[in-house]
Amino acid sequence: MRNIPHLVALLVSLWCSALFAQTGAALPPLPALNDPATTERLPGKFIFADFFTSDIETARRFYGGLFGWEWRWMSPDHSYGMFYQDNIAVAGVVLHEAVDPKQAYGRWIYYLSSGDVARKVADITAHGGRVLLEPRDLPARGTLAVVADGDGAPFGLLDSSSGDPADYRSEPGEWLWVSLYSRDAKKSLDFYRMLFDYEVSEAEDTGDSLDFILSRNGYARAGIGHLPAEYDSHPTWLGYIRVEDVAISVAKAVKEGGEVLLAPEPDVLDGNLAIVADPMGAPIALIHWTFNDPEAAR
């Protein structure tokens, strides 16, 4: 297998130089994650993703065309909307002022299920991280914050007021995986294990694309890989969407105005992985994955 972290460092993180600005940014009313609400809590699981962008219309066209996601406006001022796949909320899209007025802004933020967000934020700052969006209560959504780890990689914390989405088999067009690419994988491992008491295992059968797998209660939740120091790159979390055919999805991404960062190649997961950038420059991974149990219930 090719050295994927080198490709990610060289290609992906060059698009991730802008960190979340506007620490005091206002957020529109956000809908609940579950309707009807549940009491299920899965701390340490990535439970939602928001795309912060200065160009919602382009984001709608690109991701709707790429994945067939359905769009619904959620705020009357058109500052927030959501993508759905088979009536399941896949991601939110938040209007966010561009860091550089000459270039459209785009940044995916992935939220970890977290009780007591304020306490987690205190732990993060005590261990070298920083706050990008202060904790705030949004009645339907819950309590959320956006932070950065000690390496500068941004992520979100969310204590959902309607419970966490249950574990189920991801279908095409849904999130399958999230990986962190870090300057210091061991340091990042210690940081996230401190936050969520993950069980840790060394990644196997991934070549050198990942160093560690973070699990909790028997479920693998995320991976951590290493960014080589020789590249001028920025640590980042990268989300993977399951697709039916990677090559076809890459062609769609290009047609919709995206750019190929990592093309599918036979020696990288047998051609079943690609990374593209959307028109705003935000990276996203496309992966074809076959579950061991094809009859597993959704």
# chains A, B, ... in the order shown; residues from 1 in each chain; ligands from 1
$ residues_around --residues "A:Ala166" --least-positions-apart "2" --cutoff "9 Å" --atoms "only C-alpha atoms" --output "list in words"
Glu40, Arg41, Leu42, Ile47, Gly163, Asp164 and Tyr168 of chain A
$ residues_around --residues "stretch 104-120 of chain A" --least-positions-apart "6" --cutoff "7 Å" --atoms "only C-alpha atoms" --output "list of chain:residue names"
A:Leu42, A:Pro43, A:Gly44, A:Lys45, A:Phe46, A:Ile47, A:Phe48, A:Ala49, A:Asp50, A:Phe51, A:Phe52, A:Thr53, A:Ser54, A:Asp55, A:Ala98, A:Pro135, A:Thr143, A:Leu144, A:Pro154, A:Phe155, A:Gly156, A:Leu157, A:Leu158, A:Asp159, A:Leu195, A:Met280, A:Gly281, A:Ala282
$ select_by_dssp --residues "stretch 30-144 of chain A" --states "strand (DSSP E or B)" --output "JSON, numbers by chain"
{"A": [46, 47, 48, 49, 50, 51, 52, 53, 70, 71, 72, 73, 80, 81, 82, 83, 84, 85, 88, 89, 90, 91, 92, 93, 94, 95, 106, 107, 108, 109, 110, 111, 112, 113, 130, 131, 132, 133, 134, 135, 136, 137, 138, 142, 143, 144]}
$ write_last_selection --atoms "C-alpha atoms" --output "short mmCIF file (atom, residue, chain, number, x, y, z; two decimals), in the first residue's frame"
data_model
loop_
_atom_site.label_atom_id
_atom_site.label_comp_id
_atom_site.auth_asym_id
_atom_site.auth_seq_id
_atom_site.Cartn_x
_atom_site.Cartn_y
_atom_site.Cartn_z
CA PHE A 46 -18.64 11.22 15.95
CA ILE A 47 -22.34 11.97 15.75
CA PHE A 48 -22.70 14.82 13.26
CA ALA A 49 -20.87 17.09 10.84
CA ASP A 50 -21.35 20.72 9.90
CA PHE A 51 -19.90 22.38 6.85
CA PHE A 52 -19.01 26.02 7.50
CA THR A 53 -18.89 27.94 4.24
CA GLU A 70 -31.54 16.21 -0.45
CA TRP A 71 -31.41 19.83 0.72
CA ARG A 72 -33.68 21.47 3.31
CA TRP A 73 -33.42 25.03 4.58
CA TYR A 80 -28.38 27.22 7.94
CA GLY A 81 -29.59 24.18 6.04
CA MET A 82 -29.22 20.41 6.18
CA PHE A 83 -28.45 17.59 3.79
CA TYR A 84 -30.51 14.40 4.05
CA GLN A 85 -30.02 10.92 2.69
CA ILE A 88 -31.62 10.74 7.60
CA ALA A 89 -29.78 13.98 8.43
CA VAL A 90 -26.25 13.66 7.03
CA ALA A 91 -24.76 17.11 7.59
CA GLY A 92 -25.56 20.72 8.33
CA VAL A 93 -24.33 23.70 6.34
CA VAL A 94 -23.62 26.96 8.19
CA LEU A 95 -23.05 30.35 6.59
CA GLY A 106 -15.17 25.87 3.38
CA ARG A 107 -14.38 23.75 6.42
CA TRP A 108 -15.86 20.49 7.71
CA ILE A 109 -16.25 20.24 11.49
CA TYR A 110 -16.97 16.79 12.94
CA TYR A 111 -18.70 16.63 16.34
CA LEU A 112 -17.89 14.14 19.07
CA SER A 113 -20.61 13.11 21.50
CA ARG A 130 -7.86 26.06 22.39
CA VAL A 131 -11.45 27.20 22.03
CA LEU A 132 -12.64 28.33 18.60
CA LEU A 133 -16.34 28.62 19.38
CA GLU A 134 -17.30 28.98 23.05
CA PRO A 135 -19.82 26.50 24.49
CA ARG A 136 -23.37 27.55 23.83
CA ASP A 137 -26.80 26.07 24.45
CA LEU A 138 -29.12 25.65 21.49
CA GLY A 142 -28.05 20.77 22.76
CA THR A 143 -24.78 22.21 24.02
CA LEU A 144 -21.95 22.51 21.53
#
